[in-house]
Amino acid sequence: MTQQPSSPTMAPPTTQNTTTATAYFFNGTTDGGSPSITFNKTSNLLPRISKTITVHDFRHRCPPARLPTTKCELVPAPTNLREANLKSPNEPLKQSTLDSYYTECEVLVQSRLPGCVRALAFHHRHREQAGPSSEDLHGVQSFANKPVATFHVDNDSSTAERHLRRKVGDSLAEEEWLGKGKRWGIVNVWRPVGDIAYRLPLALAVQDEATPSFSSSSPAEEVEKTMVRIKTPQNYKTHFIGVRPLSEQKYKFWYASDMTPDEALIFMDYDSATGEISGVAHGAVEDHNTPDDAPLRRSIEVRVLVLYED
């Protein structure tokens with residue numbers, strides 16, 4: 001492939017177009033019942049299925065991925081966000097830091113989505129890898145604050161609408177966002193913090209362009225074969241969507257090599273125009289070419305509600 005020139009705020013492309021990695025997928029439940037995770041306490045999930053996958057580097061993609069067409073994009077995104085402020089015991093400083101960063105994410109998303117007339121950041125996760133062992137990824141302890149290795153989709157139509165109503169209120173949601181003919185959604189903004197993300201990079205599962213995406217027009221059983229709702233009592237949302245092993249004949253896995261804190265991966269989390277489960281499946285993967293002395297991965301993701309013009 002033709003190597004694209006890098007922006008001054010983007011890391012230079014590596015010499016390799018791909019890497020190999022271990023990815024993890026949903027594997028059913030211990031009791032045959034509905035899957036559930038009670039954070040820091042219990043879960044009835046079976047150990048995850050591990051699969052060695054080929055992961056393609058966004059830096060060598062030609063043409064580059066673009067959010068409106070491929071549902072994902074790697075962008076240069078210089079930030080004022082500082083890891084020390086995220087972890088500060090000074091709550092006013094921490095809140096001010098997050099407020100400023102939410103505004104950054106809103107501006108970034110709106111700049112990458114033609115037709116977007118409003119962007120509202122509403123939730124974030126600051127994740128820190130506890131240790132270099134893959135065992136630190138498994139189990140429910142600190143599940144919400146560590147890299148999530150199981151491939152998943154954050155939201156479906158029901159959780160997305162709850163987020164919207166909680167953020168803007170029922171009246172405004174129904175008047176400006178949920179009316180007939182309105183299109184809205186959620187975009188995830190992900191970036192490393194504090195250091196380059198050598199370890200446990202985020203990978204996205206992007207369907208081959210020749211393969212129809214899961215949407216409201218897809219057979220329900222086709223969606224259910226791949227996606228399963230996992231209940232999350234005591235969480236800010238009722239459930240998320242676990243992903244069963246994906247075929248590399250239908251999907252390509254993508255990541256950004258050596259991603260810096262001044263870059264962001266932005267991807268669709270929900271789109272009202274394309275179905276009940278319409279977000280990009282994603283998860284942290286164990287890159288087989290990670291240097292032994294690589295720093296532990298720290299990252300932040302912000303979810304942003306987006307409203308399109310009529």
# chains A, B, ... in the order shown; residues from 1 in each chain; ligands from 1

$ select_by_dssp --residues "range 38-280 of chain A" --states "helix (DSSP H, G or I)" --output "ChimeraX atom specification"
/A:58-60,67-70,83-86,91-112,134-137,143-145,157-168,170-177,220-226

$ residues_around --residues "Asn289 in chain A" --least-positions-apart "6" --cutoff "9 Å" --atoms "only C-alpha atoms" --output "list in words"
Thr19, Thr20 and Ala21 of chain A

$ write_last_selection --atoms "N, CA and C atoms" --output "short mmCIF file (atom, residue, chain, number, x, y, z; two decimals), in the first residue's frame"
data_model
loop_
_atom_site.label_atom_id
_atom_site.label_comp_id
_atom_site.auth_asym_id
_atom_site.auth_seq_id
_atom_site.Cartn_x
_atom_site.Cartn_y
_atom_site.Cartn_z
N THR A 19 -0.21 -6.43 12.59
CA THR A 19 0.40 -7.15 13.69
C THR A 19 -0.52 -8.32 14.02
N THR A 20 -0.03 -9.25 14.83
CA THR A 20 -0.91 -10.31 15.34
C THR A 20 -1.18 -10.04 16.81
N ALA A 21 -2.36 -10.46 17.25
CA ALA A 21 -2.76 -10.16 18.62
C ALA A 21 -3.73 -11.21 19.11
#

$ select_by_dssp --residues "range 73-190 of chain A" --states "strand (DSSP E or B)" --output "PDB file with N, CA, C and O atoms, in the first residue's frame"
ATOM      1  N   GLU A  73     -12.376   6.510  12.715  1.00  0.00           N
ATOM      2  CA  GLU A  73     -11.346   7.367  12.132  1.00  0.00           C
ATOM      3  C   GLU A  73     -10.249   7.617  13.171  1.00  0.00           C
ATOM      4  O   GLU A  73     -10.529   7.818  14.353  1.00  0.00           O
ATOM      5  N   LEU A  74      -9.008   7.595  12.717  1.00  0.00           N
ATOM      6  CA  LEU A  74      -7.864   8.018  13.526  1.00  0.00           C
ATOM      7  C   LEU A  74      -7.556   9.462  13.155  1.00  0.00           C
ATOM      8  O   LEU A  74      -7.362   9.770  11.978  1.00  0.00           O
ATOM      9  N   VAL A  75      -7.504  10.343  14.159  1.00  0.00           N
ATOM     10  CA  VAL A  75      -7.315  11.767  13.859  1.00  0.00           C
ATOM     11  C   VAL A  75      -6.235  12.363  14.749  1.00  0.00           C
ATOM     12  O   VAL A  75      -6.077  11.968  15.914  1.00  0.00           O
ATOM     13  N   PRO A  76      -5.486  13.357  14.232  1.00  0.00           N
ATOM     14  CA  PRO A  76      -4.629  14.155  15.106  1.00  0.00           C
ATOM     15  C   PRO A  76      -5.523  15.006  15.988  1.00  0.00           C
ATOM     16  O   PRO A  76      -6.461  15.642  15.497  1.00  0.00           O
ATOM     17  N   CYS A 116     -23.652  17.343  11.438  1.00  0.00           N
ATOM     18  CA  CYS A 116     -23.872  17.316  12.891  1.00  0.00           C
ATOM     19  C   CYS A 116     -24.088  18.743  13.391  1.00  0.00           C
ATOM     20  O   CYS A 116     -23.216  19.609  13.225  1.00  0.00           O
ATOM     21  N   VAL A 117     -25.244  18.994  13.998  1.00  0.00           N
ATOM     22  CA  VAL A 117     -25.571  20.345  14.463  1.00  0.00           C
ATOM     23  C   VAL A 117     -25.419  20.499  15.969  1.00  0.00           C
ATOM     24  O   VAL A 117     -25.444  21.609  16.486  1.00  0.00           O
ATOM     25  N   ARG A 118     -25.261  19.375  16.666  1.00  0.00           N
ATOM     26  CA  ARG A 118     -25.089  19.462  18.121  1.00  0.00           C
ATOM     27  C   ARG A 118     -24.302  18.260  18.606  1.00  0.00           C
ATOM     28  O   ARG A 118     -24.524  17.136  18.142  1.00  0.00           O
ATOM     29  N   ALA A 119     -23.381  18.493  19.524  1.00  0.00           N
ATOM     30  CA  ALA A 119     -22.593  17.417  20.133  1.00  0.00           C
ATOM     31  C   ALA A 119     -22.542  17.664  21.635  1.00  0.00           C
ATOM     32  O   ALA A 119     -22.176  18.755  22.077  1.00  0.00           O
ATOM     33  N   LEU A 120     -22.916  16.650  22.418  1.00  0.00           N
ATOM     34  CA  LEU A 120     -22.985  16.774  23.874  1.00  0.00           C
ATOM     35  C   LEU A 120     -22.259  15.601  24.530  1.00  0.00           C
ATOM     36  O   LEU A 120     -22.746  14.465  24.494  1.00  0.00           O
ATOM     37  N   ALA A 121     -21.100  15.850  25.124  1.00  0.00           N
ATOM     38  CA  ALA A 121     -20.399  14.798  25.861  1.00  0.00           C
ATOM     39  C   ALA A 121     -21.155  14.513  27.153  1.00  0.00           C
ATOM     40  O   ALA A 121     -21.604  15.441  27.838  1.00  0.00           O
ATOM     41  N   PHE A 122     -21.285  13.234  27.510  1.00  0.00           N
ATOM     42  CA  PHE A 122     -22.114  12.915  28.672  1.00  0.00           C
ATOM     43  C   PHE A 122     -21.499  11.884  29.614  1.00  0.00           C
ATOM     44  O   PHE A 122     -21.987  11.699  30.725  1.00  0.00           O
ATOM     45  N   HIS A 123     -20.440  11.190  29.222  1.00  0.00           N
ATOM     46  CA  HIS A 123     -19.910  10.140  30.099  1.00  0.00           C
ATOM     47  C   HIS A 123     -18.481   9.819  29.691  1.00  0.00           C
ATOM     48  O   HIS A 123     -18.110   9.966  28.520  1.00  0.00           O
ATOM     49  N   HIS A 124     -17.675   9.372  30.663  1.00  0.00           N
ATOM     50  CA  HIS A 124     -16.303   8.979  30.333  1.00  0.00           C
ATOM     51  C   HIS A 124     -15.863   7.825  31.223  1.00  0.00           C
ATOM     52  O   HIS A 124     -16.465   7.547  32.273  1.00  0.00           O
ATOM     53  N   ARG A 125     -14.810   7.152  30.789  1.00  0.00           N
ATOM     54  CA  ARG A 125     -14.096   6.170  31.601  1.00  0.00           C
ATOM     55  C   ARG A 125     -12.601   6.460  31.496  1.00  0.00           C
ATOM     56  O   ARG A 125     -12.072   6.567  30.392  1.00  0.00           O
ATOM     57  N   HIS A 126     -11.952   6.569  32.637  1.00  0.00           N
ATOM     58  CA  HIS A 126     -10.492   6.674  32.697  1.00  0.00           C
ATOM     59  C   HIS A 126      -9.998   5.289  33.106  1.00  0.00           C
ATOM     60  O   HIS A 126     -10.276   4.819  34.209  1.00  0.00           O
ATOM     61  N   ARG A 127      -9.279   4.607  32.216  1.00  0.00           N
ATOM     62  CA  ARG A 127      -8.900   3.215  32.445  1.00  0.00           C
ATOM     63  C   ARG A 127      -7.394   3.098  32.641  1.00  0.00           C
ATOM     64  O   ARG A 127      -6.610   3.740  31.936  1.00  0.00           O
ATOM     65  N   GLU A 128      -7.012   2.237  33.580  1.00  0.00           N
ATOM     66  CA  GLU A 128      -5.592   2.011  33.873  1.00  0.00           C
ATOM     67  C   GLU A 128      -5.327   0.518  33.981  1.00  0.00           C
ATOM     68  O   GLU A 128      -6.039  -0.204  34.695  1.00  0.00           O
ATOM     69  N   THR A 150     -12.696  -8.026  26.370  1.00  0.00           N
ATOM     70  CA  THR A 150     -13.724  -8.721  25.604  1.00  0.00           C
ATOM     71  C   THR A 150     -14.326  -7.781  24.566  1.00  0.00           C
ATOM     72  O   THR A 150     -14.734  -6.668  24.904  1.00  0.00           O
ATOM     73  N   HIS A 152     -16.878  -5.873  22.445  1.00  0.00           N
ATOM     74  CA  HIS A 152     -18.207  -5.464  22.868  1.00  0.00           C
ATOM     75  C   HIS A 152     -18.653  -4.234  22.094  1.00  0.00           C
ATOM     76  O   HIS A 152     -17.854  -3.559  21.443  1.00  0.00           O
ATOM     77  N   VAL A 153     -19.937  -3.945  22.186  1.00  0.00           N
ATOM     78  CA  VAL A 153     -20.527  -2.694  21.712  1.00  0.00           C
ATOM     79  C   VAL A 153     -21.121  -2.020  22.937  1.00  0.00           C
ATOM     80  O   VAL A 153     -21.801  -2.664  23.737  1.00  0.00           O
ATOM     81  N   TRP A 184     -29.947  10.792  15.156  1.00  0.00           N
ATOM     82  CA  TRP A 184     -29.025  11.125  16.230  1.00  0.00           C
ATOM     83  C   TRP A 184     -28.202   9.888  16.564  1.00  0.00           C
ATOM     84  O   TRP A 184     -28.429   8.808  16.032  1.00  0.00           O
ATOM     85  N   GLY A 185     -27.230  10.033  17.417  1.00  0.00           N
ATOM     86  CA  GLY A 185     -26.410   8.886  17.768  1.00  0.00           C
ATOM     87  C   GLY A 185     -25.432   9.195  18.878  1.00  0.00           C
ATOM     88  O   GLY A 185     -25.548  10.209  19.581  1.00  0.00           O
ATOM     89  N   ILE A 186     -24.471   8.303  19.045  1.00  0.00           N
ATOM     90  CA  ILE A 186     -23.409   8.451  20.045  1.00  0.00           C
ATOM     91  C   ILE A 186     -22.083   8.132  19.373  1.00  0.00           C
ATOM     92  O   ILE A 186     -21.979   7.164  18.616  1.00  0.00           O
ATOM     93  N   VAL A 187     -21.072   8.952  19.643  1.00  0.00           N
ATOM     94  CA  VAL A 187     -19.725   8.729  19.136  1.00  0.00           C
ATOM     95  C   VAL A 187     -18.784   8.578  20.326  1.00  0.00           C
ATOM     96  O   VAL A 187     -18.901   9.315  21.320  1.00  0.00           O
ATOM     97  N   ASN A 188     -17.878   7.616  20.247  1.00  0.00           N
ATOM     98  CA  ASN A 188     -16.876   7.374  21.286  1.00  0.00           C
ATOM     99  C   ASN A 188     -15.556   8.029  20.863  1.00  0.00           C
ATOM    100  O   ASN A 188     -15.109   7.851  19.730  1.00  0.00           O
ATOM    101  N   VAL A 189     -14.957   8.793  21.761  1.00  0.00           N
ATOM    102  CA  VAL A 189     -13.640   9.402  21.530  1.00  0.00           C
ATOM    103  C   VAL A 189     -12.654   8.743  22.481  1.00  0.00           C
ATOM    104  O   VAL A 189     -12.773   8.880  23.702  1.00  0.00           O
ATOM    105  N   TRP A 190     -11.680   8.006  21.938  1.00  0.00           N
ATOM    106  CA  TRP A 190     -10.730   7.234  22.749  1.00  0.00           C
ATOM    107  C   TRP A 190      -9.312   7.733  22.493  1.00  0.00           C
ATOM    108  O   TRP A 190      -8.928   7.952  21.347  1.00  0.00           O
TER     109      TRP A 190
END

$ residues_around --residues "Ser34 in chain A" --least-positions-apart "3" --cutoff "8 Å" --atoms "only C-alpha atoms" --output "ChimeraX atom specification"
/A:29,230-231

$ residues_around --residues "Glu104 in chain A" --least-positions-apart "2" --cutoff "10 Å" --atoms "only C-alpha atoms" --output "PyMOL selection string"
chain A and resi 77-81+98-102+106-109+121

$ residues_around --residues "range 52-68 of chain A" --least-positions-apart "5" --cutoff "7 Å" --atoms "only C-alpha atoms" --output "PyMOL selection string"
chain A and resi 1+3-4+13+17-23+73-74+112-113+253-257+267
